[in-house]
file my_file.cif (mmCIF, C-alpha atoms)
data_final
loop_
_atom_site.label_atom_id
_atom_site.label_comp_id
_atom_site.auth_asym_id
_atom_site.auth_seq_id
_atom_site.Cartn_x
_atom_site.Cartn_y
_atom_site.Cartn_z
CA MET D 1 136.78 64.58 41.41
CA LYS D 2 137.49 65.07 37.75
CA ALA D 3 140.24 67.58 36.90
CA GLY D 4 141.46 67.80 33.33
CA GLY D 5 140.04 64.34 32.59
CA ARG D 6 141.78 62.70 35.60
CA VAL D 7 140.31 61.49 38.84
CA THR D 8 142.11 63.13 41.81
CA LEU D 9 141.71 63.40 45.57
CA ALA D 10 143.44 66.78 45.69
CA GLY D 11 140.10 68.61 45.67
CA ALA D 12 138.65 66.58 48.54
CA LYS D 13 139.48 68.34 51.85
CA LEU D 14 140.40 66.01 54.65
CA GLY D 15 139.70 66.44 58.33
CA PHE D 16 141.86 65.02 61.13
CA SER D 17 143.45 61.62 60.47
CA GLY D 18 142.26 61.70 56.91
CA CYS D 19 138.56 62.13 57.77
CA PRO D 20 136.57 64.12 55.17
CA ALA D 21 135.17 67.60 56.11
CA SER D 22 131.66 66.20 56.73
CA CYS D 23 133.11 63.83 59.32
CA ALA D 24 134.96 66.67 61.09
CA HIS D 25 131.80 68.77 61.18
CA GLY D 26 129.91 65.86 62.69
CA ARG D 27 132.50 65.47 65.42
CA ARG D 28 132.32 69.17 66.26
CA PHE D 29 128.51 68.95 66.46
CA TRP D 30 128.62 66.03 68.90
CA THR D 31 131.37 67.71 70.94
CA LEU D 32 129.31 70.89 71.27
CA LEU D 33 126.21 68.89 72.14
CA LEU D 34 128.11 67.00 74.85
CA LEU D 35 129.50 70.25 76.29
CA THR D 36 126.00 71.77 76.31
CA LEU D 37 124.57 68.77 78.16
CA LEU D 38 127.41 68.91 80.70
CA LEU D 39 126.75 72.63 81.23
CA LEU D 40 123.05 72.01 81.82
CA LEU D 41 123.89 69.22 84.26
CA LEU D 42 126.30 71.51 86.11
CA VAL D 43 123.68 74.25 86.26
CA GLY D 44 121.20 71.81 87.78
CA LEU D 45 123.69 70.54 90.33
CA LEU D 46 124.70 74.04 91.41
CA HIS D 47 121.07 75.27 91.47
CA VAL D 48 121.99 78.12 89.15
CA ASP D 49 119.02 79.90 87.63
CA VAL D 50 119.08 79.18 83.90
CA GLU D 51 117.13 82.43 83.30
CA MET D 52 120.16 84.37 84.53
CA LEU D 53 122.39 82.66 81.96
CA THR D 54 120.17 82.87 78.88
CA PRO D 55 120.86 86.55 78.09
CA LEU D 56 124.58 85.73 78.11
CA LEU D 57 124.11 82.64 75.97
CA ARG D 58 122.06 84.65 73.50
CA GLY D 59 124.48 87.57 73.49
CA GLN D 60 121.69 90.01 74.37
CA THR D 61 122.30 93.40 75.96
CA GLU D 62 119.93 95.10 78.36
CA GLY D 63 119.90 98.42 76.56
CA LEU D 64 120.23 101.96 77.83
CA PRO D 65 118.82 102.90 81.24
CA VAL D 66 115.40 104.53 81.33
CA THR D 67 115.74 108.21 82.22
CA ASN D 68 112.24 109.65 81.61
CA ILE D 69 110.18 108.61 84.61
CA MET D 70 106.94 109.71 86.27
CA PHE D 71 106.48 108.28 89.77
CA LEU D 72 103.08 108.93 91.33
CA LYS D 73 104.12 109.43 94.95
CA THR D 74 101.22 108.10 96.97
CA HIS D 75 101.00 108.93 100.68
CA LYS D 76 102.29 106.72 103.52
CA THR D 77 103.36 103.91 101.19
CA ALA D 78 107.19 103.93 101.49
CA SER D 79 107.13 106.48 98.66
CA SER D 80 109.67 108.77 100.36
CA THR D 81 112.27 106.03 100.02
CA VAL D 82 111.43 105.66 96.32
CA LEU D 83 111.67 109.43 95.88
CA ASN D 84 115.18 109.37 97.39
CA ILE D 85 116.19 106.69 94.88
CA LEU D 86 114.92 108.84 92.00
CA PHE D 87 116.50 112.03 93.34
CA ARG D 88 119.88 110.31 93.67
CA PHE D 89 119.69 108.92 90.15
CA ALA D 90 118.72 112.33 88.76
CA GLU D 91 121.57 114.11 90.52
CA ARG D 92 124.15 111.45 89.58
CA HIS D 93 123.23 111.62 85.89
CA ASN D 94 122.49 115.34 85.69
CA LEU D 95 118.82 114.80 84.85
CA SER D 96 116.14 117.45 85.24
CA VAL D 97 113.44 117.02 87.92
CA ALA D 98 109.95 118.58 87.80
CA LEU D 99 110.09 120.46 91.12
CA PRO D 100 107.40 122.55 92.85
CA VAL D 101 107.36 126.18 91.86
CA GLY D 102 108.79 128.85 94.17
CA SER D 103 108.67 128.15 97.88
CA ARG D 104 106.24 125.20 97.60
CA PHE D 105 107.12 121.63 98.52
CA HIS D 106 104.38 119.79 96.63
CA LEU D 107 102.85 120.03 93.17
CA GLY D 108 99.53 121.64 94.08
CA TYR D 109 98.27 118.88 96.36
CA PRO D 110 95.43 118.20 97.22
CA TRP D 111 94.10 119.91 94.07
CA LEU D 112 94.39 118.13 90.74
CA PHE D 113 97.81 118.69 89.23
CA LEU D 114 98.36 121.52 86.76
CA ALA D 115 101.55 121.99 84.73
CA ARG D 116 102.00 125.50 86.09
CA TYR D 117 102.71 124.03 89.54
CA VAL D 118 106.15 123.03 88.19
CA GLU D 119 109.05 125.49 88.29
CA GLY D 120 109.97 126.43 84.75
CA MET D 121 106.53 125.65 83.28
CA GLY D 122 105.09 129.15 83.42
CA GLN D 123 102.97 130.59 80.64
CA ASP D 124 105.74 132.87 79.42
CA GLY D 125 108.55 131.58 77.21
CA PRO D 126 109.07 128.18 75.56
CA GLN D 127 107.70 125.11 77.27
CA ARG D 128 110.12 122.44 78.41
CA HIS D 129 110.05 118.80 79.42
CA PHE D 130 111.67 117.20 82.45
CA ASN D 131 113.25 113.79 82.91
CA ILE D 132 111.82 112.87 86.30
CA MET D 133 108.64 113.78 88.17
CA CYS D 134 108.20 112.30 91.65
CA ASN D 135 106.87 114.87 94.15
CA HIS D 136 103.42 114.59 95.74
CA LEU D 137 100.61 115.48 93.36
CA ARG D 138 97.06 114.43 92.57
CA PHE D 139 97.28 112.69 89.22
CA ASN D 140 95.88 114.54 86.20
CA LEU D 141 97.21 112.92 83.03
CA PRO D 142 96.67 115.70 80.44
CA GLU D 143 98.57 118.17 82.61
CA VAL D 144 101.32 115.67 83.47
CA GLN D 145 101.83 115.05 79.75
CA LYS D 146 102.60 118.75 79.29
CA VAL D 147 105.58 118.29 81.59
CA MET D 148 106.88 114.82 80.70
CA PRO D 149 108.17 113.41 77.37
CA ASN D 150 106.10 110.97 75.33
CA ASP D 151 108.36 108.01 76.14
CA THR D 152 108.01 108.44 79.91
CA LEU D 153 107.69 105.32 82.05
CA TYR D 154 104.91 105.72 84.64
CA PHE D 155 104.89 103.81 87.91
CA SER D 156 103.51 104.07 91.44
CA ILE D 157 103.38 102.19 94.74
CA LEU D 158 100.50 100.97 96.92
CA ARG D 159 100.20 99.73 100.49
CA ASN D 160 97.65 97.62 102.33
CA PRO D 161 94.89 100.20 103.03
CA ILE D 162 94.52 99.06 106.65
CA PHE D 163 98.07 100.07 107.48
CA GLN D 164 98.09 103.03 105.12
CA LEU D 165 95.06 104.46 106.96
CA GLU D 166 96.64 103.81 110.35
CA SER D 167 99.79 105.64 109.26
CA SER D 168 97.79 108.53 107.80
CA PHE D 169 95.79 108.90 111.02
CA THR D 170 98.98 109.37 113.03
CA TYR D 171 100.84 111.49 110.48
CA TYR D 172 97.97 113.77 109.42
CA ARG D 173 96.20 113.97 112.77
CA ARG D 174 96.51 117.75 112.84
CA ASP D 175 95.78 118.28 109.14
CA ALA D 176 92.57 116.32 108.50
CA PRO D 177 89.52 117.66 110.43
CA ALA D 178 88.02 114.16 110.55
CA PHE D 179 91.11 112.78 112.28
CA ARG D 180 91.50 115.80 114.53
CA ALA D 181 87.94 115.42 115.87
CA ALA D 182 88.21 111.70 116.63
CA PRO D 183 89.64 110.64 120.01
CA SER D 184 91.35 107.59 118.46
CA LEU D 185 91.54 105.60 115.26
CA ASP D 186 89.31 102.89 116.73
CA ALA D 187 86.71 105.52 117.60
CA PHE D 188 86.95 107.00 114.11
CA LEU D 189 86.46 103.62 112.43
CA ALA D 190 83.54 102.71 114.72
CA ALA D 191 81.56 105.73 113.46
CA PRO D 192 83.48 107.45 110.64
CA HIS D 193 80.56 109.58 109.41
CA THR D 194 80.39 111.19 112.84
CA TYR D 195 83.71 112.89 112.08
CA TYR D 196 84.06 112.80 108.29
CA ASN D 197 82.68 115.06 105.59
CA GLN D 198 83.67 115.38 101.95
CA ASN D 199 85.79 118.47 102.44
CA LEU D 200 89.02 118.42 100.40
CA SER D 201 91.05 118.70 103.60
CA ASN D 202 89.74 115.25 104.57
CA ALA D 203 91.40 113.64 101.56
CA TYR D 204 93.80 111.90 103.95
CA ALA D 205 90.94 110.20 105.78
CA ARG D 206 89.34 107.94 103.17
CA ASN D 207 90.55 106.03 100.09
CA HIS D 208 93.68 108.13 100.09
CA MET D 209 95.49 106.21 97.33
CA TRP D 210 92.38 106.29 95.13
CA PHE D 211 92.32 110.06 95.66
CA ASP D 212 96.02 110.39 94.73
CA LEU D 213 95.25 108.70 91.42
CA GLY D 214 92.80 111.52 90.67
CA PHE D 215 89.60 109.60 91.42
CA ASP D 216 86.66 110.38 93.71
CA PRO D 217 87.31 108.86 97.17
CA ASN D 218 83.59 109.00 97.99
CA ALA D 219 82.33 107.29 94.85
CA PRO D 220 79.94 104.33 95.31
CA VAL D 221 81.75 101.00 95.29
CA GLU D 222 80.05 99.68 92.15
CA GLU D 223 81.70 96.89 90.18
CA SER D 224 81.51 98.58 86.77
CA TYR D 225 82.92 101.83 88.13
CA VAL D 226 85.79 100.11 89.98
CA ARG D 227 86.69 97.99 86.95
CA ALA D 228 86.76 101.02 84.67
CA ARG D 229 89.07 102.95 87.00
CA LEU D 230 91.40 99.98 87.48
CA ALA D 231 91.62 99.64 83.70
CA GLU D 232 92.60 103.32 83.46
CA VAL D 233 95.42 102.81 85.93
CA GLU D 234 96.64 99.68 84.13
CA GLN D 235 96.61 101.49 80.80
CA ARG D 236 98.72 104.41 82.03
CA PHE D 237 101.05 102.90 84.66
CA GLN D 238 103.49 100.32 83.35
CA LEU D 239 104.28 99.21 86.89
CA VAL D 240 102.58 99.40 90.29
CA LEU D 241 104.76 98.35 93.22
CA ILE D 242 103.70 96.98 96.59
CA ALA D 243 105.10 98.51 99.78
CA GLU D 244 104.81 95.30 101.84
CA HIS D 245 107.19 93.68 99.33
CA PHE D 246 109.55 96.60 98.94
CA ASP D 247 112.72 94.68 98.09
CA GLU D 248 110.93 92.54 95.52
CA SER D 249 109.48 95.76 94.12
CA MET D 250 112.95 97.27 93.77
CA VAL D 251 114.19 94.19 91.93
CA LEU D 252 111.35 94.45 89.42
CA LEU D 253 111.74 98.24 89.12
CA ARG D 254 115.45 97.87 88.47
CA ARG D 255 114.72 95.36 85.72
CA ARG D 256 112.19 97.65 84.04
CA LEU D 257 114.44 100.72 84.31
CA ARG D 258 117.62 98.83 83.32
CA TRP D 259 119.53 100.39 86.20
CA ARG D 260 122.54 99.22 88.22
CA LEU D 261 122.07 97.52 91.58
CA ASP D 262 123.40 100.52 93.53
CA ASP D 263 120.83 102.75 91.84
CA VAL D 264 117.99 101.04 93.72
CA VAL D 265 119.69 100.26 97.05
CA SER D 266 118.23 102.46 99.78
CA PHE D 267 117.77 103.01 103.49
CA LYS D 268 114.23 103.27 104.85
CA LEU D 269 113.25 106.95 105.05
CA ASN D 270 110.39 108.82 106.72
CA SER D 271 109.57 105.81 108.89
CA ARG D 272 108.00 106.08 112.36
CA SER D 273 109.15 104.79 115.70
CA GLN D 274 107.15 101.76 116.81
CA ARG D 275 105.79 103.64 119.83
CA THR D 276 103.65 105.79 117.49
CA VAL D 277 102.16 102.80 115.61
CA THR D 278 98.58 101.85 116.52
CA ARG D 279 97.72 98.15 116.60
CA LEU D 280 94.23 97.72 115.20
CA THR D 281 92.08 94.85 116.42
CA PRO D 282 90.78 92.36 113.81
CA GLU D 283 87.43 94.12 114.02
CA GLY D 284 89.12 97.49 113.47
CA GLN D 285 90.95 96.11 110.46
CA GLU D 286 87.71 94.92 108.90
CA ARG D 287 86.17 98.34 109.49
CA ALA D 288 89.17 99.96 107.81
CA LYS D 289 88.73 97.72 104.76
CA ARG D 290 85.05 98.66 104.51
CA TRP D 291 85.71 102.37 105.04
CA CYS D 292 88.45 102.37 102.39
CA ALA D 293 86.80 99.84 100.09
CA LEU D 294 87.99 101.56 96.90
CA ASP D 295 91.57 101.46 98.12
CA TRP D 296 91.07 97.82 99.09
CA HIS D 297 89.95 96.91 95.54
CA LEU D 298 92.87 98.90 94.14
CA TYR D 299 95.39 97.18 96.39
CA GLN D 300 94.08 93.66 95.80
CA HIS D 301 94.08 94.10 92.03
CA PHE D 302 97.61 95.46 91.75
CA ASN D 303 98.98 93.05 94.31
CA ARG D 304 97.89 90.32 91.88
CA THR D 305 99.35 92.06 88.82
CA PHE D 306 102.61 92.70 90.66
CA TRP D 307 103.17 89.04 91.45
CA ALA D 308 102.09 88.03 87.95
CA SER D 309 104.83 90.31 86.57
CA VAL D 310 107.37 88.89 89.00
CA ARG D 311 106.56 85.32 87.96
CA ALA D 312 106.64 86.16 84.26
CA GLU D 313 109.84 88.23 84.28
CA LEU D 314 111.94 86.70 87.03
CA GLY D 315 110.71 83.40 88.39
CA PRO D 316 111.08 82.36 92.04
CA ARG D 317 114.76 81.37 92.04
CA ARG D 318 115.98 84.45 90.24
CA LEU D 319 113.81 86.65 92.45
CA ARG D 320 115.33 85.13 95.60
CA SER D 321 118.80 85.61 94.19
CA GLU D 322 118.21 89.24 93.22
CA VAL D 323 116.57 90.11 96.55
CA ALA D 324 119.50 88.52 98.38
CA ARG D 325 121.95 90.62 96.34
CA LEU D 326 119.98 93.79 97.09
CA ARG D 327 119.88 93.11 100.83
CA ALA D 328 123.55 92.18 100.96
CA ARG D 329 124.51 95.43 99.25
CA ARG D 330 122.27 97.38 101.63
CA ARG D 331 124.04 95.79 104.60
CA GLU D 332 127.40 96.76 103.11
CA LEU D 333 126.31 100.38 102.70
CA GLU D 334 124.80 100.46 106.19
CA ALA D 335 128.13 99.33 107.61
CA LEU D 336 129.94 101.91 105.48
CA CYS D 337 127.64 104.91 106.04
CA LEU D 338 125.73 104.64 109.31
CA GLN D 339 127.02 105.24 112.81
CA ASP D 340 124.95 102.26 113.79
CA ARG D 341 122.30 100.58 111.74
CA ALA D 342 119.34 101.57 113.90
CA PRO D 343 117.45 104.72 112.82
CA LYS D 344 117.31 107.54 115.36
CA ASN D 345 114.59 109.84 116.65
CA LYS D 346 114.82 113.58 116.16
CA THR D 347 116.64 114.32 119.41
CA GLN D 348 119.35 111.76 118.65
CA ILE D 349 120.25 113.07 115.18
CA THR D 350 123.37 115.18 115.53
CA ASP D 351 123.40 116.86 112.10
CA ARG D 352 120.37 119.16 111.93
CA ARG D 353 120.52 119.10 108.13
CA LEU D 354 119.61 115.41 108.25
CA GLN D 355 116.66 115.77 110.62
CA PRO D 356 113.35 114.73 109.00
CA PHE D 357 110.19 116.81 109.18
CA GLN D 358 107.91 115.82 112.08
CA SER D 359 104.18 115.65 111.45
CA GLY D 360 101.10 115.02 113.57
CA GLU D 361 101.66 112.50 116.36
CA ALA D 362 104.29 110.53 114.45
CA SER D 363 107.91 110.33 115.57
CA ILE D 364 109.78 110.31 112.27
CA LEU D 365 113.19 108.67 112.34
CA GLY D 366 116.47 109.53 110.62
CA TYR D 367 120.14 108.58 110.69
CA ASN D 368 123.57 109.59 111.95
CA LEU D 369 126.54 109.05 109.64
CA ARG D 370 129.85 107.53 110.62
CA GLN D 371 132.68 109.89 111.40
CA GLY D 372 135.86 110.09 109.31
CA LEU D 373 134.37 109.28 105.90
CA ASP D 374 136.31 110.55 102.88
CA ASN D 375 134.63 113.31 100.89
CA GLU D 376 133.31 111.12 98.08
CA THR D 377 131.90 108.51 100.45
CA LEU D 378 130.43 111.20 102.68
CA ARG D 379 128.55 112.77 99.76
CA MET D 380 127.14 109.40 98.73
CA CYS D 381 126.05 108.55 102.28
CA GLN D 382 124.52 111.99 102.84
CA ARG D 383 122.39 111.58 99.73
CA MET D 384 121.14 108.18 100.90
CA VAL D 385 119.88 109.52 104.25
CA MET D 386 118.84 113.03 103.20
CA PRO D 387 115.16 113.68 104.04
CA GLU D 388 112.96 114.59 101.11
CA LEU D 389 112.41 118.28 101.91
CA GLN D 390 116.15 118.90 102.21
CA TYR D 391 116.91 116.92 99.05
CA MET D 392 114.19 118.75 97.13
CA ALA D 393 115.62 122.10 98.22
CA HIS D 394 119.12 120.92 97.23
CA LEU D 395 118.01 119.92 93.72
CA TYR D 396 116.04 123.14 93.32
CA THR D 397 119.16 125.19 93.99
CA LEU D 398 121.15 123.09 91.50
CA GLN D 399 118.52 123.45 88.76
CA PHE D 400 117.52 127.06 89.40
CA PRO D 401 120.56 128.83 90.87
CA GLU D 402 119.16 132.19 89.80
CA LYS D 403 116.06 131.79 92.01
CA PRO D 404 115.81 132.21 95.80
CA PRO D 405 116.48 128.87 97.55
CA LYS D 406 113.63 126.97 99.16
CA ASP D 407 113.32 127.77 102.85
CA ILE D 408 112.86 124.94 105.37
CA PRO D 409 111.56 126.67 108.52
CA PHE D 410 111.75 123.71 110.93
CA LEU D 411 115.53 123.48 110.44
CA LYS D 412 115.86 127.00 111.88
CA ALA D 413 113.77 126.40 115.00
#

call {"tool": "encode", "arguments": {"input": "my_file.cif", "output": "structure tokens"}}
result
Amino acid sequence: MKAGGRVTLAGAKLGFSGCPASCAHGRRFWTLLLLTLLLLLLVGLLHVDVEMLTPLLRGQTEGLPVTNIMFLKTHKTASSTVLNILFRFAERHNLSVALPVGSRFHLGYPWLFLARYVEGMGQDGPQRHFNIMCNHLRFNLPEVQKVMPNDTLYFSILRNPIFQLESSFTYYRRDAPAFRAAPSLDAFLAAPHTYYNQNLSNAYARNHMWFDLGFDPNAPVEESYVRARLAEVEQRFQLVLIAEHFDESMVLLRRRLRWRLDDVVSFKLNSRSQRTVTRLTPEGQERAKRWCALDWHLYQHFNRTFWASVRAELGPRRLRSEVARLRARRRELEALCLQDRAPKNKTQITDRRLQPFQSGEASILGYNLRQGLDNETLRMCQRMVMPELQYMAHLYTLQFPEKPPKDIPFLKA
């Protein structure tokens, strides 16, 4: 370079061993490229899912957890377990829950939901919003929007209608006149119109999930009508889970909500003993599909969209890894919390406060906790096995200490 009329090398920066800067940069480039190739080779050899590494390589963060959530709690679809997950998250983070007003335990069901069914949403005084809504209701969007913030994430869960109907028949045998009149589920399905009429109290007996979404369970199964209703559900609900793939559903839900693993680990709640499960014949199953044809279309459609979301967001290897982590953590908590891992029938549950409500001809199971747990662990374990009526009453007392507590009559019997 020229400096004061003289040629000098003082201005030319040298790399190692006298190499110019451009040479040093080239070496660094090839070194980094070689390291990257070695990393990719190692990933392939160890069968590590590259998708799990890319957020780290990109320096991305997941963002804040979602705290405004509306869960449409459909009936007999593993929804009580999901409700427990949401209740625990709400209590842990001091979030508000839209709970049934006064002594009620549901949000106006089976009538279409109205905002006034929520405690604290009366006509007098300023209106308020809640963080989480997850109790049974019949979906009515304009009224739900009065209760929930604009940025609420909506999701629900569906189950194969054959098994959902079988469960409903056992659980609501004494509530639905159509079920009460039939000698058995097979007899009901052989001639459903002999027992069924379109009374609101028979909502449990036909297209129950369709009904929960706010639609007509007795509507004709016409393609244009079904497509229009499915489009409505897709437009409003960002996620629809599938009960038969519960663990996979929790992995996807956790991803969407940006929650920790422990936030979605659960024990199965409100399940029945196998002795109260009816095994339908193949012919009976086909009859159930025809009788609940709207539910069948609903289930098939969202089963497809669920797996499409899983493939797009996770991929098979990451899904397997995440499901394995979830199940491993569940086993750890079972060993920590439960006296033994098998659920118990009502007569075997020693703590009456943990006894689940019994309905119809179903034998609903619960859990016994291990003895000698420290106070913090005991509280965590109690929350994980607490039946929904007891947990609802607990949250109601926390949120509305000035109001009379919810009474649970069967615990006093």

call {"tool": "closest_atom_pairs", "arguments": {"input": "my_file.cif", "of": "region 188-300 of chain D", "to": "region 76-92 of chain D", "cutoff": "7 Å", "atoms": "all atoms listed in the file", "output": "tab-separated table"}}
result
residue	atom	partner	partner_atom	distance
D:Ala243	CA	D:Thr77	CA	5.8
D:Asp263	CA	D:Phe89	CA	6.5
D:Val264	CA	D:Ile85	CA	6.0
D:Ser266	CA	D:Ile85	CA	6.8
D:Lys268	CA	D:Thr81	CA	5.9
D:Leu269	CA	D:Thr81	CA	5.2
D:Asn270	CA	D:Ser80	CA	6.4

call {"tool": "write_last_selection", "arguments": {"input": "my_file.cif", "atoms": "C-alpha atoms", "output": "mmCIF file, in the frame of the given file"}}
result
data_model
loop_
_atom_site.group_PDB
_atom_site.id
_atom_site.type_symbol
_atom_site.label_atom_id
_atom_site.label_comp_id
_atom_site.auth_asym_id
_atom_site.auth_seq_id
_atom_site.Cartn_x
_atom_site.Cartn_y
_atom_site.Cartn_z
ATOM 1 C CA ALA D 243 105.100 98.510 99.780
ATOM 2 C CA ASP D 263 120.830 102.750 91.840
ATOM 3 C CA VAL D 264 117.990 101.040 93.720
ATOM 4 C CA SER D 266 118.230 102.460 99.780
ATOM 5 C CA LYS D 268 114.230 103.270 104.850
ATOM 6 C CA LEU D 269 113.250 106.950 105.050
ATOM 7 C CA ASN D 270 110.390 108.820 106.720
#

call {"tool": "resolve_selection", "arguments": {"input": "my_file.cif", "expression": "the PyMOL selection byres ((chain D and resi 339) around 9)", "output": "compact mmCIF listing (two decimals) with C-alpha atoms, in the frame of the given file"}}
result
# COMPACT_ATOMS: atom_id res chain seq x y z
CA GLU D 334 124.80 100.46 106.19
CA ALA D 335 128.13 99.33 107.61
CA LEU D 336 129.94 101.91 105.48
CA CYS D 337 127.64 104.91 106.04
CA LEU D 338 125.73 104.64 109.31
CA ASP D 340 124.95 102.26 113.79
CA ARG D 341 122.30 100.58 111.74
CA ALA D 342 119.34 101.57 113.90
CA TYR D 367 120.14 108.58 110.69
CA ASN D 368 123.57 109.59 111.95
CA LEU D 369 126.54 109.05 109.64
CA ARG D 370 129.85 107.53 110.62
CA GLN D 371 132.68 109.89 111.40

call {"tool": "resolve_selection", "arguments": {"input": "my_file.cif", "expression": "the PyMOL selection byres ((chain D and resi 154-169) around 7)", "output": "count of residues only"}}
result
35

call {"tool": "atom_distance", "arguments": {"input": "my_file.cif", "atom1": "CA of Leu213 (chain D)", "atom2": "CA of Leu64 (chain D)"}}
result
29.2 Å

call {"tool": "resolve_selection", "arguments": {"input": "my_file.cif", "expression": "the PyMOL selection byres ((chain D and resi 405) around 8)", "output": "ChimeraX atom specification"}}
result
/D:103,393,396-397,401,403-404,406-407

call {"tool": "write_last_selection", "arguments": {"input": "my_file.cif", "atoms": "C-alpha atoms", "output": "PDB file, in the frame of the given file"}}
result
ATOM      1  CA  SER D 103     108.670 128.150  97.880  1.00  0.00           C
ATOM      2  CA  ALA D 393     115.620 122.100  98.220  1.00  0.00           C
ATOM      3  CA  TYR D 396     116.040 123.140  93.320  1.00  0.00           C
ATOM      4  CA  THR D 397     119.160 125.190  93.990  1.00  0.00           C
ATOM      5  CA  PRO D 401     120.560 128.830  90.870  1.00  0.00           C
ATOM      6  CA  LYS D 403     116.060 131.790  92.010  1.00  0.00           C
ATOM      7  CA  PRO D 404     115.810 132.210  95.800  1.00  0.00           C
ATOM      8  CA  LYS D 406     113.630 126.970  99.160  1.00  0.00           C
ATOM      9  CA  ASP D 407     113.320 127.770 102.850  1.00  0.00           C
TER      10      ASP D 407
END

call {"tool": "atom_distance", "arguments": {"input": "my_file.cif", "atom1": "CA of Asp247 (chain D)", "atom2": "CA of Val385 (chain D)"}}
result
17.6 Å

call {"tool": "closest_residue", "arguments": {"input": "my_file.cif", "among": "D:Arg258, D:His394, D:His301, D:Arg327", "to": "Val233 (chain D)", "atoms": "only C-alpha atoms"}}
result
D:His301

call {"tool": "atom_distance", "arguments": {"input": "my_file.cif", "atom1": "CA of Arg379 (chain D)", "atom2": "CA of Leu252 (chain D)"}}
result
27.2 Å

call {"tool": "closest_residue", "arguments": {"input": "my_file.cif", "among": "D:His93, D:Arg104, D:Arg311, D:His297", "to": "Met209 (chain D)", "atoms": "only C-alpha atoms"}}
result
D:His297

call {"tool": "closest_residue", "arguments": {"input": "my_file.cif", "among": "D:Leu112, D:Ala176, D:Ile408, D:Val144", "to": "Phe211 (chain D)", "atoms": "only C-alpha atoms"}}
result
D:Leu112

call {"tool": "closest_residue", "arguments": {"input": "my_file.cif", "among": "D:Ala191, D:Ile364, D:Val265, D:Leu200", "to": "Pro177 (chain D)", "atoms": "only C-alpha atoms"}}
result
D:Leu200

call {"tool": "residues_around", "arguments": {"input": "my_file.cif", "residues": "Asn131 (chain D)", "least_positions_apart": "6", "cutoff": "10 Å", "atoms": "all atoms listed in the file", "output": "PDB file with C-alpha atoms, in the frame of the given file"}}
result
ATOM      1  CA  VAL D  66     115.400 104.530  81.330  1.00  0.00           C
ATOM      2  CA  THR D  67     115.740 108.210  82.220  1.00  0.00           C
ATOM      3  CA  ASN D  68     112.240 109.650  81.610  1.00  0.00           C
ATOM      4  CA  ILE D  69     110.180 108.610  84.610  1.00  0.00           C
ATOM      5  CA  MET D  70     106.940 109.710  86.270  1.00  0.00           C
ATOM      6  CA  ALA D  90     118.720 112.330  88.760  1.00  0.00           C
ATOM      7  CA  ASN D  94     122.490 115.340  85.690  1.00  0.00           C
ATOM      8  CA  LEU D  95     118.820 114.800  84.850  1.00  0.00           C
ATOM      9  CA  SER D  96     116.140 117.450  85.240  1.00  0.00           C
ATOM     10  CA  VAL D  97     113.440 117.020  87.920  1.00  0.00           C
ATOM     11  CA  ALA D  98     109.950 118.580  87.800  1.00  0.00           C
ATOM     12  CA  VAL D 147     105.580 118.290  81.590  1.00  0.00           C
ATOM     13  CA  MET D 148     106.880 114.820  80.700  1.00  0.00           C
ATOM     14  CA  PRO D 149     108.170 113.410  77.370  1.00  0.00           C
ATOM     15  CA  THR D 152     108.010 108.440  79.910  1.00  0.00           C
TER      16      THR D 152
END

call {"tool": "residues_around", "arguments": {"input": "my_file.cif", "residues": "Lys344 (chain D)", "least_positions_apart": "2", "cutoff": "7 Å", "atoms": "all atoms listed in the file", "output": "PyMOL selection string"}}
result
chain D and resi 342+346+348-349+365-367

call {"tool": "write_last_selection", "arguments": {"input": "my_file.cif", "atoms": "C-alpha atoms", "output": "PDB file, keeping the file's coordinate frame"}}
result
ATOM      1  CA  ALA D 342     119.340 101.570 113.900  1.00  0.00           C
ATOM      2  CA  LYS D 346     114.820 113.580 116.160  1.00  0.00           C
ATOM      3  CA  GLN D 348     119.350 111.760 118.650  1.00  0.00           C
ATOM      4  CA  ILE D 349     120.250 113.070 115.180  1.00  0.00           C
ATOM      5  CA  LEU D 365     113.190 108.670 112.340  1.00  0.00           C
ATOM      6  CA  GLY D 366     116.470 109.530 110.620  1.00  0.00           C
ATOM      7  CA  TYR D 367     120.140 108.580 110.690  1.00  0.00           C
TER       8      TYR D 367
END

call {"tool": "closest_residue", "arguments": {"input": "my_file.cif", "among": "D:Tyr196, D:Glu322, D:Arg180, D:Ala219", "to": "Ser249 (chain D)", "atoms": "only C-alpha atoms"}}
result
D:Glu322

call {"tool": "residues_near_point", "arguments": {"input": "my_file.cif", "point": "(95.3, 115.8, 97.0)", "cutoff": "12 Å", "atoms": "all atoms listed in the file", "output": "JSON, numbers by chain"}}
result
{"D": [72, 73, 74, 75, 106, 107, 108, 109, 110, 111, 112, 113, 135, 136, 137, 138, 139, 140, 176, 199, 200, 201, 202, 203, 204, 205, 206, 207, 208, 209, 210, 211, 212, 213, 214, 215, 216, 217]}

call {"tool": "closest_residue", "arguments": {"input": "my_file.cif", "among": "D:Arg275, D:Ala362, D:Glu232, D:Glu248", "to": "Leu298 (chain D)", "atoms": "only C-alpha atoms"}}
result
D:Glu232
